[in-house]
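Below: model25.txt (compact mmCIF, C-alpha atoms)
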# COMPACT_ATOMS: atom_id res chain seq x y z
CA MET A 1 59.56 66.96 176.83
CA ARG A 2 57.41 70.09 176.68
CA HIS A 3 60.55 72.19 176.27
CA LEU A 4 61.57 70.03 173.33
CA GLU A 5 58.16 70.51 171.66
CA ALA A 6 58.31 74.25 172.16
CA ALA A 7 61.82 74.38 170.68
CA ALA A 8 60.71 72.31 167.67
CA ILE A 9 57.70 74.56 167.01
CA GLY A 10 59.95 77.63 167.39
CA LEU A 11 62.40 76.16 164.89
CA VAL A 12 59.63 75.53 162.35
CA PHE A 13 58.38 79.08 162.80
CA ALA A 14 61.88 80.56 162.38
CA ILE A 15 62.61 78.55 159.23
CA ALA A 16 59.22 79.41 157.71
CA SER A 17 59.78 83.11 158.43
CA ALA A 18 63.25 83.02 156.87
CA TYR A 19 61.81 81.29 153.80
CA MET A 20 59.09 83.92 153.44
CA VAL A 21 61.63 86.76 153.75
CA ALA A 22 63.88 85.15 151.11
CA LEU A 23 60.91 84.66 148.78
CA THR A 24 59.74 88.26 149.20
CA ALA A 25 63.26 89.57 148.53
CA ARG A 26 63.49 87.53 145.31
CA GLN A 27 60.11 88.75 144.11
CA GLY A 28 61.15 92.34 144.91
CA ALA A 29 64.35 91.97 142.88
CA GLY A 30 62.33 90.57 139.96
CA ALA A 31 59.95 93.52 140.08
CA SER A 32 62.89 95.91 139.89
CA GLY A 33 63.35 94.78 136.26
CA VAL A 34 60.13 96.60 135.39
CA GLY A 35 61.34 99.58 137.42
CA ALA A 36 64.62 99.63 135.50
CA GLN A 37 62.84 99.86 132.14
CA ARG A 38 60.70 102.81 133.19
CA ALA A 39 63.54 104.48 135.09
CA LEU A 40 65.72 104.40 131.98
CA ALA A 41 62.83 105.70 129.84
CA TRP A 42 62.25 108.56 132.26
CA ALA A 43 65.96 109.41 132.40
CA LEU A 44 66.17 109.33 128.60
CA LEU A 45 63.27 111.75 128.26
CA ASN A 46 64.83 114.21 130.68
CA ALA A 47 68.51 114.11 129.84
CA GLN A 48 70.76 114.15 126.82
CA SER A 49 74.21 113.20 128.17
CA PRO A 50 75.18 109.74 129.52
CA GLU A 51 76.24 111.29 132.86
CA ASN A 52 72.83 112.84 133.39
CA VAL A 53 70.99 109.68 132.33
CA THR A 54 73.08 107.65 134.81
CA ARG A 55 72.38 110.13 137.60
CA LEU A 56 68.62 110.16 136.93
CA VAL A 57 68.48 106.33 136.80
CA SER A 58 70.22 106.17 140.19
CA ILE A 59 67.67 108.61 141.61
CA ALA A 60 64.75 106.62 140.19
CA LEU A 61 66.06 103.22 141.35
CA ASN A 62 67.19 104.36 144.77
CA GLY A 63 67.08 101.41 147.16
CA THR A 64 66.93 98.77 144.43
CA SER A 65 69.71 96.46 143.36
CA TYR A 66 70.77 97.51 139.85
CA GLU A 67 73.81 98.33 137.73
CA VAL A 68 74.41 100.85 134.94
CA HIS A 69 76.83 100.24 132.06
CA VAL A 70 77.91 103.03 129.71
CA LEU A 71 79.40 101.41 126.61
CA ASN A 72 80.81 102.41 123.26
CA PRO A 73 79.30 100.68 120.20
CA GLY A 74 80.87 97.25 119.82
CA GLU A 75 81.97 97.02 123.45
CA PRO A 76 80.75 93.76 125.04
CA LEU A 77 78.09 93.83 127.74
CA GLU A 78 78.92 91.75 130.82
CA PRO A 79 75.99 92.16 133.19
CA GLY A 80 75.88 90.87 136.74
CA HIS A 81 72.08 90.97 136.84
CA SER A 82 69.83 89.02 134.53
CA VAL A 83 67.28 91.61 133.33
CA CYS A 84 68.83 94.31 131.16
CA TYR A 85 67.35 97.24 129.25
CA GLY A 86 69.44 99.36 126.90
CA ALA A 87 69.19 102.74 125.20
CA VAL A 88 71.31 104.39 122.52
CA LEU A 89 72.42 107.97 123.06
CA VAL A 90 73.48 109.88 119.99
CA ASN A 91 74.76 113.39 119.46
CA LEU A 92 75.11 114.19 115.79
CA THR A 93 76.86 117.49 116.51
CA SER A 94 79.70 115.93 118.49
CA GLY A 95 79.45 112.53 116.76
CA VAL A 96 79.23 110.69 120.08
CA GLU A 97 77.31 107.44 120.36
CA LYS A 98 76.93 105.68 123.70
CA ILE A 99 74.90 102.73 124.84
CA ILE A 100 73.46 102.88 128.34
CA VAL A 101 72.35 99.57 129.81
CA VAL A 102 70.54 99.22 133.12
CA CYS A 103 70.45 95.72 134.61
CA ALA A 104 68.41 94.56 137.57
CA GLY A 105 66.73 91.39 138.71
CA PRO A 106 67.41 88.34 140.84
CA MET B 107 49.37 50.68 188.21
CA VAL B 108 49.79 48.80 184.93
CA ALA B 109 47.09 50.95 183.26
CA LEU B 110 48.85 54.12 184.46
CA ARG B 111 52.18 52.95 182.99
CA ARG B 112 50.47 52.04 179.69
CA GLY B 113 48.87 55.51 179.50
CA THR B 114 52.20 57.25 180.09
CA ALA B 115 53.90 55.13 177.40
CA GLU B 116 51.15 55.96 174.85
CA ARG B 117 51.42 59.67 175.61
CA ARG B 118 55.19 59.50 175.16
CA ARG B 119 54.79 57.72 171.80
CA GLY B 120 52.31 60.39 170.69
CA GLN B 121 54.70 63.15 171.68
CA LEU B 122 57.54 61.44 169.81
CA ALA B 123 55.32 61.17 166.71
CA LEU B 124 54.50 64.87 166.99
CA ILE B 125 58.19 65.76 167.23
CA GLY B 126 58.86 63.53 164.24
CA VAL B 127 56.23 65.36 162.19
CA ILE B 128 57.66 68.74 163.24
CA VAL B 129 61.22 67.69 162.37
CA LEU B 130 60.07 66.37 158.98
CA ALA B 131 58.17 69.59 158.24
CA SER B 132 61.20 71.67 159.27
CA THR B 133 63.46 69.66 156.99
CA LEU B 134 61.09 70.07 154.04
CA ILE B 135 60.75 73.83 154.58
CA ALA B 136 64.54 74.18 154.97
CA LEU B 137 65.09 72.27 151.72
CA LEU B 138 62.51 74.46 149.95
CA SER B 139 64.13 77.67 151.16
CA ALA B 140 67.50 76.52 149.78
CA TYR B 141 65.93 75.72 146.39
CA SER B 142 66.75 78.40 143.86
CA LEU B 143 63.72 79.76 142.00
CA GLN B 144 63.83 79.92 138.23
CA PRO B 145 61.37 82.70 137.42
CA LYS B 146 60.21 83.21 133.86
CA ILE B 147 61.16 86.76 132.94
CA THR B 148 58.92 88.81 130.68
CA TYR B 149 60.54 91.96 129.40
CA GLU B 150 58.43 95.06 129.58
CA ARG B 151 58.42 97.01 126.34
CA GLY B 152 56.89 100.35 125.55
CA HIS B 153 58.04 103.26 127.66
CA LEU B 154 61.73 102.83 126.93
CA GLN B 155 61.27 102.25 123.20
CA ALA B 156 59.06 105.35 122.85
CA ALA B 157 61.54 107.40 124.90
CA GLN B 158 64.33 106.13 122.64
CA LEU B 159 62.49 107.46 119.58
CA VAL B 160 61.92 110.79 121.34
CA HIS B 161 65.66 110.95 121.98
CA LEU B 162 66.45 110.24 118.31
CA ALA B 163 64.03 112.92 117.14
CA ARG B 164 65.60 115.47 119.48
CA ALA B 165 69.12 114.48 118.36
CA CYS B 166 68.02 115.05 114.77
CA MET B 167 66.44 118.42 115.60
CA ALA B 168 69.63 119.47 117.43
CA THR B 169 71.50 119.46 114.10
CA GLY B 170 69.37 122.45 113.09
CA SER B 171 68.45 120.91 109.75
CA CYS B 172 66.64 117.68 110.51
CA ASN B 173 65.20 115.94 107.48
CA ASP B 174 63.94 112.48 106.57
CA ALA B 175 67.42 111.35 105.45
CA LYS B 176 69.07 112.32 108.75
CA LEU B 177 66.27 110.69 110.71
CA LYS B 178 66.62 107.51 108.66
CA ALA B 179 70.38 107.47 109.35
CA LEU B 180 69.67 107.66 113.09
CA VAL B 181 67.07 104.89 112.93
CA ASP B 182 69.58 102.74 110.99
CA ILE B 183 72.16 103.22 113.78
CA LEU B 184 69.52 102.18 116.29
CA SER B 185 68.51 99.11 114.26
CA TRP B 186 72.16 98.07 113.98
CA LEU B 187 72.81 98.44 117.72
CA ASN B 188 69.49 96.70 118.48
CA GLN B 189 71.08 93.47 117.22
CA THR B 190 73.81 93.61 119.88
CA TYR B 191 72.35 95.45 122.87
CA PRO B 192 69.05 94.93 124.71
CA THR B 193 67.23 97.99 123.33
CA ARG B 194 64.33 95.71 122.23
CA MET B 195 63.19 98.28 119.68
CA TYR B 196 59.90 97.87 117.85
CA ASN B 197 59.78 97.56 114.12
CA ILE B 198 59.49 101.13 112.79
CA SER B 199 57.23 101.20 109.76
CA GLU B 200 57.39 104.92 109.07
CA LYS B 201 59.40 107.98 110.11
CA ARG B 202 58.60 111.51 109.05
CA VAL B 203 59.87 114.99 109.77
CA LEU B 204 57.26 117.73 109.63
CA ASN B 205 59.35 120.89 109.65
CA LEU B 206 58.51 124.50 110.27
CA LEU B 207 54.75 124.86 110.22
CA LEU B 208 54.28 128.58 110.65
CA ASN B 209 51.16 129.91 112.24
CA SER B 210 51.31 133.66 112.13
CA SER B 211 48.88 136.12 113.64
CA SER B 212 49.21 139.90 113.70
CA THR B 213 51.27 139.87 116.89
CA SER B 214 52.66 136.39 117.42
CA VAL B 215 54.41 133.74 115.34
CA THR B 216 54.28 130.04 116.20
CA VAL B 217 56.80 127.58 114.79
CA THR B 218 56.10 123.89 115.14
CA ASN B 219 58.60 121.14 114.41
CA ALA B 220 57.22 117.63 114.58
CA THR B 221 58.64 114.18 114.08
CA VAL B 222 56.40 111.16 113.72
CA PHE B 223 57.30 107.50 114.06
CA ARG B 224 54.90 104.65 113.35
CA ILE B 225 55.74 101.52 115.28
CA LYS B 226 54.46 97.96 115.22
CA THR B 227 53.54 97.07 118.80
CA LEU B 228 51.80 93.95 120.05
CA GLN B 229 48.46 95.70 119.56
CA THR B 230 49.31 96.24 115.88
CA GLU B 231 49.36 92.46 115.45
CA PHE B 232 45.62 92.43 116.22
CA THR B 233 44.41 95.77 114.87
CA ASN B 234 46.81 96.05 111.92
CA ASN B 235 47.11 99.78 112.68
CA PRO B 236 50.63 100.95 113.53
CA GLU B 237 50.81 103.08 116.66
CA GLU B 238 52.31 106.54 116.66
CA VAL B 239 55.07 108.25 118.62
CA ARG B 240 54.91 111.98 117.95
CA ILE B 241 57.42 114.58 119.08
CA THR B 242 56.24 118.17 118.75
CA VAL B 243 58.43 121.17 119.55
CA THR B 244 56.55 124.46 119.59
CA THR B 245 57.96 127.97 119.81
CA ALA B 246 55.57 130.92 120.05
CA SER B 247 57.18 134.36 119.75
CA GLU B 248 55.34 137.53 120.63
CA PRO B 249 57.27 140.84 120.64
CA THR B 250 56.44 143.01 123.65
CA GLY B 251 57.21 146.21 121.71
CA ARG B 252 60.04 147.15 124.04
CA ARG B 253 63.50 147.89 122.66
CA TYR B 254 66.62 148.79 124.60
CA SER B 255 70.37 149.19 124.14
CA LYS B 256 73.00 146.89 125.56
CA GLN B 257 76.71 147.56 125.58
CA LEU B 258 79.16 144.65 125.56
CA GLY B 259 82.78 145.78 125.27
CA ASP B 260 82.97 148.27 122.43
CA ARG B 261 79.77 147.16 120.77
CA VAL B 262 76.32 148.48 121.41
CA TYR B 263 73.41 146.21 120.49
CA THR B 264 69.80 147.07 119.91
CA MET B 265 67.83 144.52 121.88
CA VAL B 266 64.31 143.56 120.85
CA GLU B 267 62.25 142.10 123.66
CA VAL B 268 60.19 139.05 122.73
CA LYS B 269 57.97 136.86 124.90
CA VAL B 270 58.67 133.23 123.99
CA THR B 271 56.62 130.19 124.95
CA TYR B 272 58.62 127.03 124.34
CA THR B 273 57.31 123.47 124.82
CA HIS B 274 58.15 119.88 123.95
CA SER B 275 55.18 117.51 123.70
CA TYR B 276 55.70 113.77 123.40
CA SER B 277 52.73 111.55 122.70
CA SER B 278 52.86 107.77 122.44
CA PRO B 279 50.67 104.79 123.34
CA PHE B 280 52.65 104.57 126.61
CA PHE B 281 52.92 108.15 127.83
CA ASN B 282 51.98 111.72 127.07
CA VAL B 283 54.53 114.18 128.37
CA THR B 284 54.97 117.94 128.06
CA LEU B 285 58.37 119.37 128.97
CA CYS B 286 59.45 122.99 129.32
CA PRO B 287 63.19 122.77 128.57
CA SER B 288 65.44 125.58 129.68
CA LEU B 289 66.95 127.94 127.11
CA ARG B 290 70.50 129.28 126.76
CA THR B 291 72.25 131.73 124.51
CA THR B 292 74.97 130.64 122.11
CA ASP B 293 76.75 134.00 121.84
CA GLY B 294 76.32 135.40 125.34
CA VAL B 295 74.66 138.55 124.01
CA ALA B 296 70.95 137.78 124.30
CA ASP B 297 69.12 138.31 127.57
CA LEU B 298 67.03 135.42 128.90
CA LYS B 299 64.60 135.53 131.77
CA ARG B 300 62.22 132.74 132.73
CA LEU B 301 58.76 134.13 133.41
CA GLY B 302 56.92 130.88 134.06
CA LYS B 303 57.25 127.17 133.42
CA CYS B 304 57.38 127.45 129.62
CA ASP B 305 57.39 131.24 129.26
CA TRP B 306 60.53 133.25 128.62
CA LEU B 307 61.42 136.88 128.05
CA VAL B 308 64.15 137.04 125.42
CA GLY B 309 66.13 140.15 124.58
CA ALA B 310 67.31 139.41 121.03
CA PRO B 311 70.16 141.51 119.55
CA LEU B 312 68.91 142.97 116.29
CA GLU B 313 72.45 143.20 114.86
CA LEU B 314 72.97 139.41 115.29
CA SER B 315 69.53 138.44 113.96
CA LYS B 316 68.99 137.12 110.44
CA PRO B 317 66.42 138.77 108.19
CA VAL B 318 63.82 136.19 107.13
CA GLY B 319 61.38 138.33 105.19
CA ALA B 320 60.01 141.82 104.98
CA ASN B 321 60.94 143.48 108.31
CA ARG B 322 60.98 140.05 109.90
CA TYR B 323 64.01 138.73 111.81
CA ARG B 324 65.07 135.45 113.37
CA TYR B 325 67.43 135.00 116.29
CA ASP B 326 68.31 131.51 117.56
CA VAL B 327 68.85 130.45 121.14
CA ARG B 328 69.25 126.79 122.11
CA ASP B 329 67.39 124.58 124.53
CA GLU B 330 68.99 122.21 127.06
CA PHE B 331 69.00 119.41 124.46
CA GLY B 332 70.91 121.55 121.96
CA ILE B 333 67.90 122.19 119.71
CA PRO B 334 67.88 125.64 118.03
CA VAL B 335 64.91 127.70 119.20
CA PRO B 336 63.90 130.34 116.63
CA VAL B 337 62.88 133.66 118.15
CA LEU B 338 60.96 135.53 115.45
CA PHE B 339 60.05 139.18 115.51
CA THR B 340 59.23 142.04 113.22
CA VAL B 341 60.83 145.45 113.27
CA PRO B 342 58.89 148.33 111.75
CA PRO B 343 60.79 150.03 108.91
CA LYS B 344 62.56 153.27 109.72
CA GLY B 345 60.81 156.20 108.30
Target format structure tokens, applied to this file:
Amino acid sequence: MRHLEAAAIGLVFAIASAYMVALTARQGAGASGVGAQRALAWALLNAQSPENVTRLVSIALNGTSYEVHVLNPGEPLEPGHSVCYGAVLVNLTSGVEKIIVVCAGP
Amino acid sequence: MVALRRGTAERRRGQLALIGVIVLASTLIALLSAYSLQPKITYERGHLQAAQLVHLARACMATGSCNDAKLKALVDILSWLNQTYPTRMYNISEKRVLNLLLNSSSTSVTVTNATVFRIKTLQTEFTNNPEEVRITVTTASEPTGRRYSKQLGDRVYTMVEVKVTYTHSYSSPFFNVTLCPSLRTTDGVADLKRLGKCDWLVGAPLELSKPVGANRYRYDVRDEFGIPVPVLFTVPPKG
């Protein structure tokens, strides 16, 4: 009987721990939405071309779940994550317009 | 004997009740962990929107002839795309280009190009004062007095050495940033050497420089964002 009690207590402890880990991971993913906004702002300040912005975002959000979309105006956005921040990149000399969208979140 | 049996039976019932409680608690926790959270998401605004305006101002300056009309055209593009994509741009109440403010001393010339946006943030709703995003690009040119010759192919150029201090300053309610962008030549003739973070030594070819006044010349290099950087210097008249 004592073995059964110990097993039951162990089970409760394991499930509670798993629940806490899952909860923490979800909160972390939610916080990355804030990170994505500032990461994109920082990349935009430091770079002019979409390639460089994408590279700087990936450096800033290293270790976080996110996705970067580089779109032409009019192209539909189909994000996999729920929190998205976008920026418009224009070059009047070459006439290029691109939209960079960074998505993160749960 | 009977009392002993009764005691054992009560203890067993108590243990079973305890196990029941534990199993119930485990089930509840397991159900909770499977439940998907529906967090309310608040979008953070500020840094990205100010950086977006900085980018637009730089794109306008990179044309070499930024004016209010060009800036307005860029803001219109942004407003149009804001309807489709999540740029979450603030309402821009004012946009101004403050071009070429010359501050000349006996030895150095400072050129300042500034672009100002006034935006309606959440704070504006309470204070009624639009907040400002200001982009200031400053070029200070100071000739060192040194001149030298440079031969490229058949041509020989007279190079005028100028110390240039070049900075970008971005101020907004969300950040204040000073950048020292790198410079590059457009014709491959000028000599460029970085002395410090924002300080450069530029060898400007006199033959490729444009006269902009009495004995005064202008030679343009470009920064990493494509913005023309005017290197200004004076050459004493021959006599």
6 Å contact set for range 37-50 of chain A, all atoms listed in the file, chain neighbours under 4 positions out, as a list in words: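 Surrounding residues, per the criterion: Leu56, Val57, Ala60 and Tyr85 of chain A; His153, Leu154 and Ala157 of chain B.
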Per-residue nearest contacts range 142-242 of chain B to range 309-328 of chain B, cut-off 12 Å, using only C-alpha atoms, as a tab-separated table:
residue	atom	partner	partner_atom	distance
B:Met167	CA	B:Arg328	CA	11.0
B:Ala168	CA	B:Arg328	CA	8.7
B:Thr169	CA	B:Arg328	CA	11.1
B:Gly170	CA	B:Arg328	CA	10.0
B:Ser210	CA	B:Arg322	CA	11.8
B:Thr213	CA	B:Arg322	CA	12.0
B:Ser214	CA	B:Arg322	CA	11.8
B:Val215	CA	B:Arg322	CA	10.6
B:Val217	CA	B:Arg324	CA	11.5
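Among A:Val88, A:Phe13, A:Ala36, A:Ile59, the residue with the shortest atom-to-atom distance to Ser185 in chain B, counting all atoms listed in the file, is A:Val88.
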Selected residue, from A:Ala16, A:Glu78, A:Ser94, A:Asn62, that lies nearest to chain B when counting only C-alpha atoms: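 Among the listed residues, the smallest separation from chain B belongs to A:Ala16.
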All residues 9 Å or closer to Cys286 in chain B, all atoms listed in the file, same chain fewer than 3 positions away omitted, as an NGL selection string: :B and (271-275 or 303-305)
Point-to-point distance from CA of Ser277 in chain B to CA of Gln189 in chain B, Å rounded to tenths: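 Between these atoms lies a distance of 26.3 Å.
If you look at CA of Asp182 in chain B and CA of Ala165 in chain B, they are 13.9 Å away from each other.
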Interface, chain B side, toward chain A (9 Å; all atoms listed in the file) as a count of residues only: 49
Box for range 86-102 of chain A - axis-aligned, 3 Å on each of the six sides, all listed atoms - centre and size in Å to one decimal, as JSON.
{"center_x": 74.4, "center_y": 108.4, "center_z": 124.5, "size_x": 16.5, "size_y": 24.3, "size_z": 23.3}
Shell around Tyr254 in chain B at 10 Å using all atoms listed in the file, local window under 4 positions removed, as a PyMOL selection string: chain B and resi 263-267+309+311
Coordinates of range 322-341 of chain B, N, CA, C and O atoms, as a compact mmCIF listing (two decimals), in the first residue's frame:
# COMPACT_ATOMS: atom_id res chain seq x y z
N ARG B 322 35.21 77.63 -53.38
CA ARG B 322 34.68 76.54 -52.55
C ARG B 322 34.23 75.39 -53.46
O ARG B 322 33.59 75.62 -54.49
N TYR B 323 34.53 74.17 -53.05
CA TYR B 323 34.19 72.99 -53.86
C TYR B 323 33.42 71.97 -53.02
O TYR B 323 33.54 71.95 -51.79
N ARG B 324 32.68 71.14 -53.76
CA ARG B 324 31.93 70.06 -53.11
C ARG B 324 32.20 68.77 -53.84
O ARG B 324 32.12 68.68 -55.07
N TYR B 325 32.53 67.73 -53.07
CA TYR B 325 32.71 66.40 -53.64
C TYR B 325 31.85 65.45 -52.83
O TYR B 325 31.89 65.46 -51.59
N ASP B 326 31.05 64.61 -53.51
CA ASP B 326 30.12 63.71 -52.81
C ASP B 326 30.65 62.28 -52.71
O ASP B 326 31.06 61.70 -53.72
N VAL B 327 30.63 61.75 -51.51
CA VAL B 327 30.78 60.30 -51.33
C VAL B 327 29.40 59.82 -50.86
O VAL B 327 28.49 60.63 -50.69
N ARG B 328 29.23 58.55 -50.66
CA ARG B 328 27.93 58.05 -50.18
C ARG B 328 28.12 57.23 -48.92
O ARG B 328 29.18 56.62 -48.72
N ASP B 329 27.06 57.22 -48.08
CA ASP B 329 27.17 56.39 -46.88
C ASP B 329 26.56 55.02 -47.16
O ASP B 329 26.11 54.75 -48.28
N GLU B 330 26.57 54.15 -46.19
CA GLU B 330 26.11 52.77 -46.40
C GLU B 330 24.62 52.67 -46.72
O GLU B 330 24.15 51.64 -47.20
N PHE B 331 23.87 53.75 -46.46
CA PHE B 331 22.44 53.76 -46.79
C PHE B 331 22.18 54.42 -48.14
O PHE B 331 21.03 54.63 -48.52
N GLY B 332 23.26 54.80 -48.83
CA GLY B 332 23.11 55.41 -50.15
C GLY B 332 22.91 56.91 -50.12
O GLY B 332 22.62 57.52 -51.15
N ILE B 333 23.05 57.52 -48.95
CA ILE B 333 22.83 58.97 -48.82
C ILE B 333 24.10 59.72 -49.27
O ILE B 333 25.20 59.39 -48.81
N PRO B 334 23.96 60.72 -50.16
CA PRO B 334 25.14 61.49 -50.55
C PRO B 334 25.70 62.28 -49.36
O PRO B 334 24.94 62.89 -48.61
N VAL B 335 27.01 62.21 -49.22
CA VAL B 335 27.68 62.92 -48.11
C VAL B 335 28.53 64.02 -48.73
O VAL B 335 29.51 63.73 -49.43
N PRO B 336 28.16 65.29 -48.53
CA PRO B 336 28.92 66.37 -49.17
C PRO B 336 30.22 66.67 -48.42
O PRO B 336 30.19 66.98 -47.22
N VAL B 337 31.32 66.55 -49.15
CA VAL B 337 32.62 66.93 -48.57
C VAL B 337 32.94 68.31 -49.14
O VAL B 337 33.08 68.46 -50.35
N LEU B 338 32.99 69.30 -48.26
CA LEU B 338 33.17 70.69 -48.72
C LEU B 338 34.56 71.19 -48.33
O LEU B 338 35.05 70.92 -47.23
N PHE B 339 35.17 71.89 -49.26
CA PHE B 339 36.51 72.43 -48.97
C PHE B 339 36.76 73.67 -49.82
O PHE B 339 36.08 73.89 -50.83
N THR B 340 37.68 74.45 -49.36
CA THR B 340 38.06 75.64 -50.14
C THR B 340 39.48 75.45 -50.67
O THR B 340 40.31 74.79 -50.03
N VAL B 341 39.69 76.01 -51.84
CA VAL B 341 41.02 75.95 -52.44
C VAL B 341 41.46 77.39 -52.68
O VAL B 341 40.74 78.14 -53.35
